[in-house]
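start13.txt, holding compact mmCIF, C-alpha atoms:
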```txt
# COMPACT_ATOMS: atom_id res chain seq x y z
CA MET Y 1 59.38 145.81 22.79
CA SER Y 2 57.69 143.72 25.47
CA MET Y 3 58.18 144.26 29.16
CA PRO Y 4 57.15 142.16 32.14
CA PRO Y 5 54.04 143.36 33.96
CA HIS Y 6 55.05 146.00 36.44
CA ASP Y 7 53.07 144.35 39.18
CA ASP Y 8 55.49 141.45 38.97
CA LEU Y 9 58.17 144.00 39.82
CA ALA Y 10 56.29 145.16 42.86
CA THR Y 11 56.83 142.28 45.23
CA LEU Y 12 60.14 143.33 46.77
CA ASP Y 13 58.39 144.54 49.90
CA THR Y 14 55.12 142.65 49.59
CA GLU Y 15 55.92 138.97 49.56
CA ALA Y 16 55.43 137.93 53.16
CA PRO Y 17 53.69 134.66 54.02
CA SER Y 18 50.49 135.37 55.89
CA THR Y 19 50.73 132.26 58.01
CA ARG Y 20 54.19 132.94 59.42
CA GLU Y 21 54.91 135.18 62.37
CA PRO Y 22 57.25 138.04 61.46
CA GLU Y 23 60.81 137.41 62.55
CA PRO Y 24 62.10 139.77 65.22
CA ARG Y 25 64.59 142.28 63.92
CA ARG Y 26 68.04 142.40 65.39
CA ALA Y 27 69.10 145.77 66.63
CA ALA Y 28 71.11 147.52 63.98
CA SER Y 29 74.69 148.37 64.86
CA PRO Y 30 75.01 151.97 66.08
CA TRP Y 31 77.29 152.94 63.22
CA ARG Y 32 75.32 151.25 60.47
CA GLY Y 33 73.45 154.48 59.76
CA ARG Y 34 76.72 156.33 59.26
CA VAL Y 35 77.97 153.66 56.86
CA MET Y 36 74.66 153.89 54.99
CA VAL Y 37 75.03 157.66 54.59
CA VAL Y 38 78.60 157.25 53.30
CA GLY Y 39 77.49 154.46 50.99
CA LEU Y 40 74.62 156.53 49.58
CA LEU Y 41 76.93 159.46 48.91
CA LEU Y 42 79.62 157.36 47.25
CA ALA Y 43 77.07 155.50 45.14
CA ALA Y 44 75.47 158.78 44.08
CA LEU Y 45 78.86 160.17 43.02
CA ASN Y 46 79.20 157.27 40.56
CA LEU Y 47 75.77 157.28 38.92
CA ARG Y 48 76.56 159.87 36.22
CA PRO Y 49 80.34 160.10 35.45
CA ALA Y 50 79.95 157.30 32.88
CA VAL Y 51 77.73 159.73 30.97
CA THR Y 52 79.10 163.22 31.66
CA SER Y 53 82.75 162.25 31.25
CA LEU Y 54 81.94 161.35 27.64
CA GLY Y 55 80.33 164.62 26.51
CA PRO Y 56 83.45 166.85 26.61
CA LEU Y 57 85.45 164.17 24.73
CA LEU Y 58 82.71 163.08 22.33
CA GLU Y 59 84.44 164.68 19.35
CA GLU Y 60 87.71 162.85 20.15
CA VAL Y 61 85.89 159.55 20.71
CA ARG Y 62 84.01 159.94 17.42
CA GLY Y 63 87.27 160.58 15.61
CA GLY Y 64 89.11 157.71 17.30
CA LEU Y 65 86.35 155.19 16.68
CA ARG Y 66 85.12 156.73 13.38
CA MET Y 67 81.56 157.26 14.57
CA SER Y 68 78.93 159.03 12.49
CA GLY Y 69 76.63 161.63 14.00
CA THR Y 70 73.78 159.12 14.05
CA VAL Y 71 75.87 156.53 15.92
CA ALA Y 72 76.96 159.25 18.34
CA GLY Y 73 73.29 160.02 18.86
CA LEU Y 74 72.73 156.34 19.60
CA LEU Y 75 75.56 156.50 22.13
CA THR Y 76 73.94 159.46 23.89
CA SER Y 77 70.62 157.56 23.91
CA MET Y 78 72.19 154.51 25.55
CA PRO Y 79 71.84 155.74 29.16
CA ALA Y 80 68.07 156.05 28.86
CA ALA Y 81 67.78 152.73 27.01
CA CYS Y 82 69.90 150.82 29.53
CA PHE Y 83 68.21 152.45 32.50
CA GLY Y 84 64.81 151.44 31.17
CA LEU Y 85 65.73 147.91 30.09
CA PHE Y 86 67.93 146.90 33.02
CA GLY Y 87 66.08 148.91 35.65
CA VAL Y 88 63.06 146.61 35.54
CA THR Y 89 65.21 143.79 36.92
CA ALA Y 90 66.21 145.70 40.05
CA PRO Y 91 63.23 144.84 42.32
CA ARG Y 92 63.42 141.15 41.43
CA LEU Y 93 67.18 141.04 42.04
CA ALA Y 94 66.76 142.92 45.31
CA ARG Y 95 64.07 140.50 46.45
CA ARG Y 96 66.46 137.62 45.83
CA TRP Y 97 69.75 139.08 47.07
CA GLY Y 98 68.83 142.20 49.04
CA PRO Y 99 69.07 145.86 47.93
CA GLY Y 100 72.55 146.35 49.40
CA ALA Y 101 74.00 143.40 47.51
CA VAL Y 102 72.45 144.55 44.23
CA VAL Y 103 73.83 148.09 44.63
CA CYS Y 104 77.26 146.62 45.45
CA ALA Y 105 77.14 144.49 42.31
CA GLY Y 106 75.96 147.50 40.33
CA LEU Y 107 78.96 149.56 41.43
CA ALA Y 108 81.26 146.68 40.48
CA ALA Y 109 79.63 146.60 37.02
CA ILE Y 110 80.18 150.35 36.67
CA ALA Y 111 83.87 150.01 37.52
CA THR Y 112 84.34 147.08 35.14
CA GLY Y 113 82.48 148.70 32.26
CA LEU Y 114 84.37 152.00 32.56
CA ALA Y 115 87.69 150.17 32.66
CA LEU Y 116 86.83 148.00 29.65
CA ARG Y 117 85.65 150.81 27.41
CA ALA Y 118 89.01 152.55 27.84
CA PHE Y 119 90.55 149.61 25.95
CA ALA Y 120 87.80 149.22 23.34
CA GLY Y 121 89.24 148.83 19.86
CA GLY Y 122 86.04 149.59 17.96
CA THR Y 123 82.58 151.08 18.20
CA ALA Y 124 80.85 147.79 19.09
CA ALA Y 125 83.22 147.06 21.99
CA PHE Y 126 82.89 150.64 23.24
CA LEU Y 127 79.09 150.40 23.18
CA GLY Y 128 79.17 147.02 24.93
CA ALA Y 129 81.43 148.21 27.74
CA SER Y 130 79.32 151.34 28.14
CA ALA Y 131 76.19 149.17 28.36
CA LEU Y 132 77.75 147.14 31.21
CA ALA Y 133 78.49 150.30 33.20
CA LEU Y 134 75.04 151.70 32.47
CA ALA Y 135 73.39 148.44 33.59
CA GLY Y 136 75.08 148.86 36.96
CA ILE Y 137 73.81 152.42 37.15
CA ALA Y 138 70.31 151.31 36.16
CA VAL Y 139 69.72 148.93 39.07
CA SER Y 140 71.16 151.43 41.54
CA ASN Y 141 68.92 154.18 40.16
CA ILE Y 142 65.82 152.14 40.90
CA LEU Y 143 66.84 151.02 44.38
CA MET Y 144 68.09 154.31 45.82
CA PRO Y 145 64.61 155.75 46.60
CA VAL Y 146 63.68 152.37 48.12
CA ILE Y 147 66.78 152.29 50.34
CA VAL Y 148 66.17 155.89 51.44
CA LYS Y 149 62.53 155.12 52.29
CA ARG Y 150 63.48 152.02 54.30
CA SER Y 151 66.56 153.32 56.06
CA PHE Y 152 65.35 156.86 56.78
CA PRO Y 153 61.52 156.76 56.75
CA ASP Y 154 61.27 159.97 58.78
CA ARG Y 155 63.85 161.84 56.69
CA VAL Y 156 62.89 161.07 53.09
CA GLY Y 157 63.20 164.69 51.96
CA SER Y 158 66.56 165.44 53.56
CA MET Y 159 68.18 162.11 52.63
CA THR Y 160 66.89 162.32 49.07
CA GLY Y 161 68.42 165.78 48.97
CA LEU Y 162 71.74 164.46 50.24
CA TYR Y 163 71.73 161.65 47.70
CA SER Y 164 70.73 164.03 44.89
CA MET Y 165 73.45 166.46 45.93
CA GLY Y 166 76.05 163.69 45.69
CA LEU Y 167 74.71 162.68 42.30
CA SER Y 168 74.95 166.27 41.03
CA LEU Y 169 78.45 166.62 42.46
CA GLY Y 170 79.63 163.49 40.68
CA THR Y 171 77.97 164.64 37.48
CA ALA Y 172 79.64 168.05 37.61
CA SER Y 173 83.03 166.70 38.64
CA ALA Y 174 83.18 164.32 35.69
CA ALA Y 175 82.20 167.07 33.26
CA ALA Y 176 84.79 169.53 34.60
CA ALA Y 177 87.71 167.24 35.35
CA THR Y 178 87.72 164.83 32.40
CA VAL Y 179 89.44 167.11 29.87
CA PRO Y 180 92.14 168.41 32.27
CA MET Y 181 92.71 164.87 33.51
CA THR Y 182 92.99 163.66 29.93
CA ASP Y 183 95.57 166.35 29.18
CA ALA Y 184 97.54 165.46 32.30
CA LEU Y 185 97.60 161.80 31.25
CA GLY Y 186 99.11 162.54 27.85
CA GLY Y 187 96.04 163.59 25.87
CA SER Y 188 94.54 160.13 25.44
CA TRP Y 189 90.76 160.09 25.69
CA ARG Y 190 91.00 156.44 26.72
CA ALA Y 191 92.96 157.29 29.87
CA GLY Y 192 90.69 160.22 30.67
CA LEU Y 193 87.54 158.07 30.49
CA GLY Y 194 89.07 155.02 32.17
CA MET Y 195 90.17 156.84 35.32
CA TRP Y 196 86.58 157.07 36.53
CA ALA Y 197 86.57 153.30 37.07
CA LEU Y 198 88.72 153.84 40.18
CA LEU Y 199 86.06 155.98 41.87
CA ALA Y 200 83.42 153.31 41.28
CA ALA Y 201 85.68 150.64 42.77
CA VAL Y 202 86.15 152.71 45.93
CA ALA Y 203 82.39 153.33 46.18
CA ALA Y 204 81.69 149.58 46.30
CA LEU Y 205 83.63 149.12 49.55
CA PRO Y 206 80.99 150.29 52.11
CA TRP Y 207 78.35 148.31 50.23
CA LEU Y 208 80.29 145.13 50.88
CA PHE Y 209 79.36 145.60 54.54
CA LEU Y 210 75.81 146.79 53.82
CA ALA Y 211 75.24 143.80 51.52
CA ARG Y 212 76.07 141.39 54.35
CA ASP Y 213 74.01 143.17 57.01
CA ARG Y 214 70.63 141.46 57.38
CA THR Y 215 69.20 143.69 60.10
CA HIS Y 216 67.22 145.77 57.65
CA ARG Y 217 64.47 143.46 56.54
CA PRO Y 218 61.60 144.25 54.18
CA GLU Y 219 58.52 145.59 55.86
CA PRO Y 220 55.58 143.15 55.93
CA ALA Y 221 52.76 143.60 53.52
CA ALA Y 222 49.69 145.43 54.72
CA PRO Y 223 46.66 143.18 55.21
CA VAL Y 224 44.25 143.15 52.29
CA PRO Y 225 40.75 144.39 53.23
CA GLU Y 226 37.98 141.90 52.69
CA THR Y 227 36.19 144.17 50.24
CA THR Y 228 39.30 144.37 48.08
CA ALA Y 229 39.84 140.62 48.17
CA ALA Y 230 36.23 139.97 47.32
CA HIS Y 231 36.45 141.98 44.12
CA ALA Y 232 39.90 140.76 43.07
CA PRO Y 233 40.20 138.79 39.84
CA GLU Y 234 40.51 135.06 40.27
CA ASN Y 235 43.97 134.79 38.79
CA GLY Y 236 45.92 135.93 41.85
CA PRO Y 237 46.04 137.96 45.05
CA ALA Y 238 44.58 141.44 45.08
CA GLY Y 239 47.99 143.05 45.37
CA ARG Y 240 49.14 141.49 42.10
CA ALA Y 241 45.87 141.67 40.20
CA THR Y 242 45.54 145.42 40.62
CA ARG Y 243 47.84 146.85 37.99
CA ILE Y 244 49.84 150.01 38.58
CA THR Y 245 49.08 150.99 34.99
CA ARG Y 246 45.60 151.96 36.16
CA SER Y 247 47.00 154.83 38.22
CA PRO Y 248 46.93 158.28 36.56
CA THR Y 249 49.53 159.48 39.04
CA ALA Y 250 51.89 156.63 38.12
CA TRP Y 251 51.61 157.54 34.44
CA ALA Y 252 52.11 161.23 35.16
CA MET Y 253 55.22 160.36 37.18
CA ALA Y 254 56.53 158.14 34.36
CA VAL Y 255 56.03 160.84 31.71
CA PHE Y 256 57.54 163.55 33.91
CA PHE Y 257 60.49 161.33 34.75
CA GLY Y 258 60.95 160.38 31.10
CA LEU Y 259 60.88 163.94 29.76
CA GLN Y 260 63.21 165.32 32.41
CA SER Y 261 65.56 162.42 31.63
CA THR Y 262 65.36 163.30 27.94
CA ALA Y 263 66.36 166.89 28.69
CA ALA Y 264 69.15 165.81 31.04
CA TYR Y 265 70.76 163.32 28.66
CA ILE Y 266 70.50 165.66 25.70
CA THR Y 267 72.24 168.27 27.84
CA MET Y 268 74.94 165.90 29.08
CA GLY Y 269 75.56 164.39 25.67
CA TRP Y 270 75.27 167.37 23.34
CA MET Y 271 75.63 170.68 25.19
CA PRO Y 272 79.46 170.65 25.05
CA GLN Y 273 79.22 170.14 21.27
CA ILE Y 274 76.79 173.07 20.98
CA PHE Y 275 79.33 175.33 22.68
CA ARG Y 276 82.26 173.93 20.70
CA ASP Y 277 80.44 174.56 17.41
CA ALA Y 278 79.89 178.15 18.59
CA GLY Y 279 83.66 178.62 18.96
CA VAL Y 280 84.16 177.67 22.60
CA SER Y 281 87.22 175.54 23.43
CA ALA Y 282 86.85 171.92 24.53
CA SER Y 283 88.04 172.60 28.08
CA THR Y 284 85.70 175.58 28.47
CA ALA Y 285 82.80 173.56 27.06
CA GLY Y 286 83.51 170.93 29.69
CA VAL Y 287 83.54 173.58 32.42
CA LEU Y 288 80.22 174.96 31.15
CA LEU Y 289 78.69 171.49 31.35
CA ALA Y 290 80.15 171.17 34.84
CA ILE Y 291 78.46 174.43 35.84
CA THR Y 292 75.16 173.10 34.54
CA MET Y 293 75.58 169.93 36.56
CA ALA Y 294 76.98 171.75 39.61
CA MET Y 295 73.82 173.83 39.94
CA GLY Y 296 72.23 170.64 41.17
CA VAL Y 297 74.59 170.36 44.15
CA PRO Y 298 72.99 173.05 46.36
CA LEU Y 299 69.57 172.93 44.70
CA ALA Y 300 69.28 169.15 44.87
CA PHE Y 301 69.81 169.37 48.62
CA VAL Y 302 67.31 172.20 49.16
CA LEU Y 303 64.63 171.37 46.58
CA PRO Y 304 63.53 167.99 48.03
CA ARG Y 305 63.07 169.63 51.44
CA ILE Y 306 60.91 172.34 49.90
CA ALA Y 307 58.97 169.77 47.88
CA ALA Y 308 58.40 167.56 50.93
CA GLY Y 309 56.89 170.53 52.77
CA LEU Y 310 54.34 171.26 50.03
CA ARG Y 311 51.04 169.49 49.51
CA ASN Y 312 51.31 170.04 45.75
CA GLN Y 313 54.68 170.04 43.99
CA GLY Y 314 53.34 171.05 40.57
CA VAL Y 315 54.37 174.68 41.01
CA LEU Y 316 58.00 173.58 41.29
CA ALA Y 317 57.73 171.67 38.01
CA VAL Y 318 56.44 174.83 36.31
CA ILE Y 319 59.24 177.01 37.68
CA LEU Y 320 61.95 174.58 36.61
CA GLY Y 321 60.38 174.26 33.15
CA VAL Y 322 60.42 178.04 32.63
CA PHE Y 323 64.14 178.11 33.44
CA GLY Y 324 64.69 175.39 30.84
CA LEU Y 325 62.75 177.19 28.11
CA THR Y 326 64.75 180.36 28.77
CA GLY Y 327 68.03 178.46 28.59
CA TYR Y 328 67.14 176.84 25.25
CA ALA Y 329 66.14 180.23 23.82
CA GLY Y 330 69.51 181.60 24.89
CA LEU Y 331 71.40 178.74 23.24
CA TRP Y 332 69.57 179.48 20.01
CA LEU Y 333 70.07 183.27 20.09
CA ALA Y 334 73.62 183.65 21.46
CA PRO Y 335 75.25 180.32 22.41
CA ALA Y 336 78.76 181.74 22.94
CA ALA Y 337 78.04 185.28 24.15
CA GLY Y 338 75.70 184.17 26.93
CA SER Y 339 77.14 180.70 27.48
CA TRP Y 340 77.62 181.06 31.24
CA ALA Y 341 74.06 182.29 31.78
CA TRP Y 342 72.56 179.50 29.66
CA ALA Y 343 74.61 176.91 31.55
CA VAL Y 344 73.21 178.19 34.86
CA LEU Y 345 69.62 178.29 33.63
CA LEU Y 346 69.75 174.76 32.24
CA GLY Y 347 71.39 173.58 35.45
CA ILE Y 348 68.45 174.89 37.45
CA SER Y 349 66.03 173.24 35.01
CA ASN Y 350 67.82 169.88 35.39
CA CYS Y 351 66.88 169.86 39.07
CA ALA Y 352 63.64 168.29 37.90
CA PHE Y 353 65.46 165.01 38.62
CA PRO Y 354 65.65 165.38 42.44
CA LEU Y 355 62.10 166.74 42.33
CA ALA Y 356 60.99 163.56 40.54
CA LEU Y 357 62.79 161.35 43.08
CA THR Y 358 61.16 163.22 45.94
CA MET Y 359 57.70 162.94 44.41
CA ILE Y 360 58.17 159.18 44.01
CA GLY Y 361 58.65 158.97 47.77
CA LEU Y 362 55.67 161.26 48.44
CA ARG Y 363 53.19 159.67 46.05
CA ALA Y 364 53.09 156.39 47.99
CA ARG Y 365 52.35 155.76 51.68
CA THR Y 366 54.28 152.50 52.10
CA GLY Y 367 57.66 151.08 51.18
CA ALA Y 368 55.90 148.59 48.91
CA GLY Y 369 54.19 151.45 47.11
CA VAL Y 370 57.49 153.27 46.65
CA VAL Y 371 59.01 150.13 45.12
CA ARG Y 372 56.16 149.82 42.65
CA LEU Y 373 56.13 153.50 41.74
CA SER Y 374 59.93 153.76 41.51
CA ALA Y 375 60.19 150.72 39.24
CA PHE Y 376 57.32 151.82 37.00
CA ALA Y 377 58.13 155.53 36.78
CA GLN Y 378 61.87 155.10 36.25
CA SER Y 379 61.77 152.10 33.92
CA THR Y 380 58.91 153.43 31.80
CA GLY Y 381 60.30 156.95 31.94
CA TYR Y 382 63.74 155.94 30.76
CA LEU Y 383 62.25 153.96 27.89
CA LEU Y 384 60.20 157.01 26.88
CA SER Y 385 63.35 159.10 26.86
CA ILE Y 386 65.34 156.90 24.44
CA PRO Y 387 64.40 158.70 21.18
CA GLY Y 388 65.30 162.21 22.38
CA PRO Y 389 69.13 162.21 22.23
CA LEU Y 390 69.05 160.05 19.09
CA LEU Y 391 66.73 162.51 17.33
CA VAL Y 392 68.97 165.40 18.33
CA GLY Y 393 71.98 163.65 16.80
CA THR Y 394 70.08 162.87 13.59
CA LEU Y 395 68.71 166.41 13.26
CA TYR Y 396 72.16 167.84 13.92
CA GLN Y 397 73.78 165.69 11.26
CA HIS Y 398 71.17 166.33 8.57
CA SER Y 399 70.46 170.01 9.23
CA GLY Y 400 74.06 171.05 9.83
CA GLY Y 401 73.13 173.30 12.74
CA TRP Y 402 71.46 173.50 16.10
CA GLY Y 403 68.24 175.35 15.24
CA ARG Y 404 66.04 172.28 14.79
CA PRO Y 405 67.54 170.27 17.67
CA LEU Y 406 67.02 173.22 20.05
CA ALA Y 407 63.44 173.60 18.83
CA LEU Y 408 62.87 169.94 19.68
CA MET Y 409 64.36 170.40 23.16
CA ALA Y 410 62.17 173.42 23.88
CA GLY Y 411 59.08 171.68 22.52
CA LEU Y 412 59.56 168.71 24.85
CA MET Y 413 59.71 171.03 27.85
CA VAL Y 414 56.01 171.90 27.51
CA PRO Y 415 54.61 168.37 28.11
CA GLN Y 416 57.22 167.95 30.86
CA ILE Y 417 55.67 170.88 32.70
CA LEU Y 418 52.15 169.52 32.24
CA ALA Y 419 53.14 166.05 33.45
CA GLY Y 420 54.89 167.58 36.47
CA VAL Y 421 51.74 169.46 37.41
CA LEU Y 422 49.72 166.22 37.27
CA ALA Y 423 52.34 164.20 39.16
CA GLY Y 424 52.58 166.85 41.86
CA ARG Y 425 48.95 166.59 42.94
CA ASP Y 426 48.31 165.60 46.55
CA ARG Y 427 47.33 161.95 46.11
CA THR Y 428 48.95 158.55 46.58
CA LEU Y 429 49.30 155.40 44.56
CA GLU Y 430 47.39 153.36 47.12
CA ASP Y 431 44.38 155.69 46.84
CA GLU Y 432 44.15 155.14 43.10
CA ILE Y 433 44.67 151.38 42.81
```
Represent the structure contained in this file as structure tokens.
Amino acid sequence: MSMPPHDDLATLDTEAPSTREPEPRRAASPWRGRVMVVGLLLAALNLRPAVTSLGPLLEEVRGGLRMSGTVAGLLTSMPAACFGLFGVTAPRLARRWGPGAVVCAGLAAIATGLALRAFAGGTAAFLGASALALAGIAVSNILMPVIVKRSFPDRVGSMTGLYSMGLSLGTASAAAATVPMTDALGGSWRAGLGMWALLAAVAALPWLFLARDRTHRPEPAAPVPETTAAHAPENGPAGRATRITRSPTAWAMAVFFGLQSTAAYITMGWMPQIFRDAGVSASTAGVLLAITMAMGVPLAFVLPRIAAGLRNQGVLAVILGVFGLTGYAGLWLAPAAGSWAWAVLLGISNCAFPLALTMIGLRARTGAGVVRLSAFAQSTGYLLSIPGPLLVGTLYQHSGGWGRPLALMAGLMVPQILAGVLAGRDRTLEDEI
């Protein structure tokens, strides 16, 4: 699978003509910051319900659409695939239309996709509608760290925490409320999944204003030192010729992001089924998934602040990984008896996501660097995470149990810890390339 060079994705903040004086910025309206905070929260609330609303009803969806275990595994792999494939377009779209307009369009795509999949008559239509919603999530995923860095440059940690808290809240709410909402709507899984389209439609409203506001312009590119220009290849400017793929930190961030995404989407897609196979009811399995996701609400707000105050964030990656290994061991030994404890432990482990977002903001000194690192780490990371949920579904179908899938999950946690240690080192992208 070919991908465009990531340096071509890096020009959102860097394309500024050197011969033109920078245009003066208009003073932002005094309430624009408040609208931005509301917009970030509402967007965050909608970046996971398309995924976590499906897990508690996966058995009903499989029965209604006659899906095999392998196809269900493909369905649970779709978030990572779409985030990787569509995410690479986000910087280019934002350079053309502006980040606010792209996020607004992304939320509209989420609402449309969630509404359409409620009416899907077959597996192909369901997958296509899901892909539309996930494409909207993908571009918003990439641009959120960029918007935070631009809008709140002196509060990256706290605003990333607020955004991550909203994301965790939306994730948990969808997991907990989908089954009761489905029952209240007559027991149709279509109605239960389709209702989440309304939340996405509401979330797009503040972004209609933010998309039109032009006061927040890209920062100009830093001047290129003569020594750098002198040694640049002849095929283009130094900023484009130096590839982000030469950065060890960028690769460590991509691997860490990819493996934590693998763990998260396996959890969101398959954990309710693990509990249901152990004898837990569908509604309780949904609540257990909600508890796992809800752990991120307080921790996602606190963890980025802690991470931003440390010179090296690797120790946090180790701690979160140990919680994950303990949770997987518990699911293997006593999935039903200790279900509440395992849900909490895995919820703590899943806070590797806000840690990864925070490290993206800390591993670059400029907005342009954050764009490059965010696009590379998230797009590459999501592509790396595609096989995980699919392999779990295949192993589950062919082994008839959860022993081998859980062994795979635990095994992937070890390289995640190692990559987190490397990504957490006190260095920046600009220093390496």
Exercise. Distance atom CA of Ala336 of chain Y-atom CA of Ile274 of chain Y, one decimal place?
Worked result: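 Atom-to-atom, atom CA of Ala336 of chain Y to atom CA of Ile274 of chain Y, that is 9.1 Å.
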For this session: Name the residues in contact with Val38 of chain Y at a cut-off of 10 Å, using all atoms listed in the file, excluding same-chain residues fewer than 6 positions from it; report them as a ChimeraX atom specification.
Result: /Y:32,44,163,203,206-207
Seminar exercise, completed: Of Y:Thr245, Y:Ala263, Y:Arg212, Y:Pro272, the one nearest to Gly98 of chain Y when counting only C-alpha atoms is Y:Arg212
For this session: Quick one: everything within 8 Å of Ala43 of chain Y, counting all atoms listed in the file, minus sequence neighbours fewer than 2 positions away in the same chain. Send it as a PyMOL selection string.
Result: chain Y and resi 39-41+45-47+107+200+203-204
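The spacing separating atom CA of Arg150 of chain Y from atom CA of Val103 of chain Y amounts to 14.7 Å.
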Exercise. When distances are computed from only C-alpha atoms, which of Y:Ser281, Y:Thr380, Y:Ser349, Y:Thr326 shows the smallest separation from Leu57 of chain Y?
Worked result: Y:Ser281
For this session: Name the residues in contact with segment 393-395 of chain Y at a cut-off of 6 Å, using all atoms listed in the file, excluding same-chain residues fewer than 3 positions from it; report them as a PyMOL selection string.
Result: chain Y and resi 69-70+73+390+398-399+405
Problem set entry | Counting only C-alpha atoms, the residue of Y:Val156, Y:Ala410, Y:Val51, Y:Ala201 that sits nearest Ile110 of chain Y |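 The closest residue to Ile110 of chain Y is Y:Ala201.
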Taking only C-alpha atoms into account, produce a table as a Markdown table in which each residue of segment 77-159 of chain Y with an atom at most 10 Å from an atom of segment 295-303 of chain Y appears once, together with its shortest atom pair and the distance in Å to one decimal, ordered by chain and rising number.
```
| residue | atom | partner | partner_atom | distance |
| --- | --- | --- | --- | --- |
| Y:Gly157 | CA | Y:Leu303 | CA | 8.7 |
| Y:Ser158 | CA | Y:Phe301 | CA | 7.1 |
| Y:Met159 | CA | Y:Phe301 | CA | 8.5 |
```
Pull segment 52-57 of chain Y out of the block and emit all heavy atoms, as a PDB file, in the first residue's frame.
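Once everything was written out, this is selection_32.pdb:
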```
ATOM      1  N   THR Y  52     -17.571   2.696  19.816  1.00  0.00           N
ATOM      2  CA  THR Y  52     -17.962   2.047  21.069  1.00  0.00           C
ATOM      3  C   THR Y  52     -19.451   1.766  21.156  1.00  0.00           C
ATOM      4  O   THR Y  52     -19.873   0.955  21.973  1.00  0.00           O
ATOM      5  CB  THR Y  52     -17.536   2.888  22.279  1.00  0.00           C
ATOM      6  OG1 THR Y  52     -18.033   4.218  22.139  1.00  0.00           O
ATOM      7  CG2 THR Y  52     -16.035   2.927  22.396  1.00  0.00           C
ATOM      8  N   SER Y  53     -20.264   2.417  20.342  1.00  0.00           N
ATOM      9  CA  SER Y  53     -21.688   2.060  20.326  1.00  0.00           C
ATOM     10  C   SER Y  53     -21.909   0.714  19.660  1.00  0.00           C
ATOM     11  O   SER Y  53     -22.925   0.046  19.887  1.00  0.00           O
ATOM     12  CB  SER Y  53     -22.489   3.140  19.592  1.00  0.00           C
ATOM     13  OG  SER Y  53     -22.089   3.236  18.231  1.00  0.00           O
ATOM     14  N   LEU Y  54     -20.953   0.278  18.845  1.00  0.00           N
ATOM     15  CA  LEU Y  54     -21.100  -0.968  18.110  1.00  0.00           C
ATOM     16  C   LEU Y  54     -20.765  -2.194  18.950  1.00  0.00           C
ATOM     17  O   LEU Y  54     -21.412  -3.238  18.821  1.00  0.00           O
ATOM     18  CB  LEU Y  54     -20.216  -0.933  16.862  1.00  0.00           C
ATOM     19  CG  LEU Y  54     -20.254  -2.152  15.933  1.00  0.00           C
ATOM     20  CD1 LEU Y  54     -21.661  -2.373  15.395  1.00  0.00           C
ATOM     21  CD2 LEU Y  54     -19.264  -1.974  14.798  1.00  0.00           C
ATOM     22  N   GLY Y  55     -19.756  -2.093  19.821  1.00  0.00           N
ATOM     23  CA  GLY Y  55     -19.293  -3.245  20.582  1.00  0.00           C
ATOM     24  C   GLY Y  55     -20.385  -3.968  21.357  1.00  0.00           C
ATOM     25  O   GLY Y  55     -20.542  -5.191  21.234  1.00  0.00           O
ATOM     26  N   PRO Y  56     -21.184  -3.256  22.184  1.00  0.00           N
ATOM     27  CA  PRO Y  56     -22.227  -3.943  22.955  1.00  0.00           C
ATOM     28  C   PRO Y  56     -23.306  -4.584  22.088  1.00  0.00           C
ATOM     29  O   PRO Y  56     -24.011  -5.482  22.550  1.00  0.00           O
ATOM     30  CB  PRO Y  56     -22.815  -2.821  23.822  1.00  0.00           C
ATOM     31  CG  PRO Y  56     -21.741  -1.802  23.917  1.00  0.00           C
ATOM     32  CD  PRO Y  56     -21.040  -1.854  22.594  1.00  0.00           C
ATOM     33  N   LEU Y  57     -23.475  -4.130  20.847  1.00  0.00           N
ATOM     34  CA  LEU Y  57     -24.501  -4.675  19.958  1.00  0.00           C
ATOM     35  C   LEU Y  57     -23.906  -5.511  18.824  1.00  0.00           C
ATOM     36  O   LEU Y  57     -24.602  -5.851  17.870  1.00  0.00           O
ATOM     37  CB  LEU Y  57     -25.329  -3.530  19.349  1.00  0.00           C
ATOM     38  CG  LEU Y  57     -26.189  -2.716  20.327  1.00  0.00           C
ATOM     39  CD1 LEU Y  57     -26.855  -1.557  19.599  1.00  0.00           C
ATOM     40  CD2 LEU Y  57     -27.230  -3.599  20.994  1.00  0.00           C
TER      41      LEU Y  57
END
```
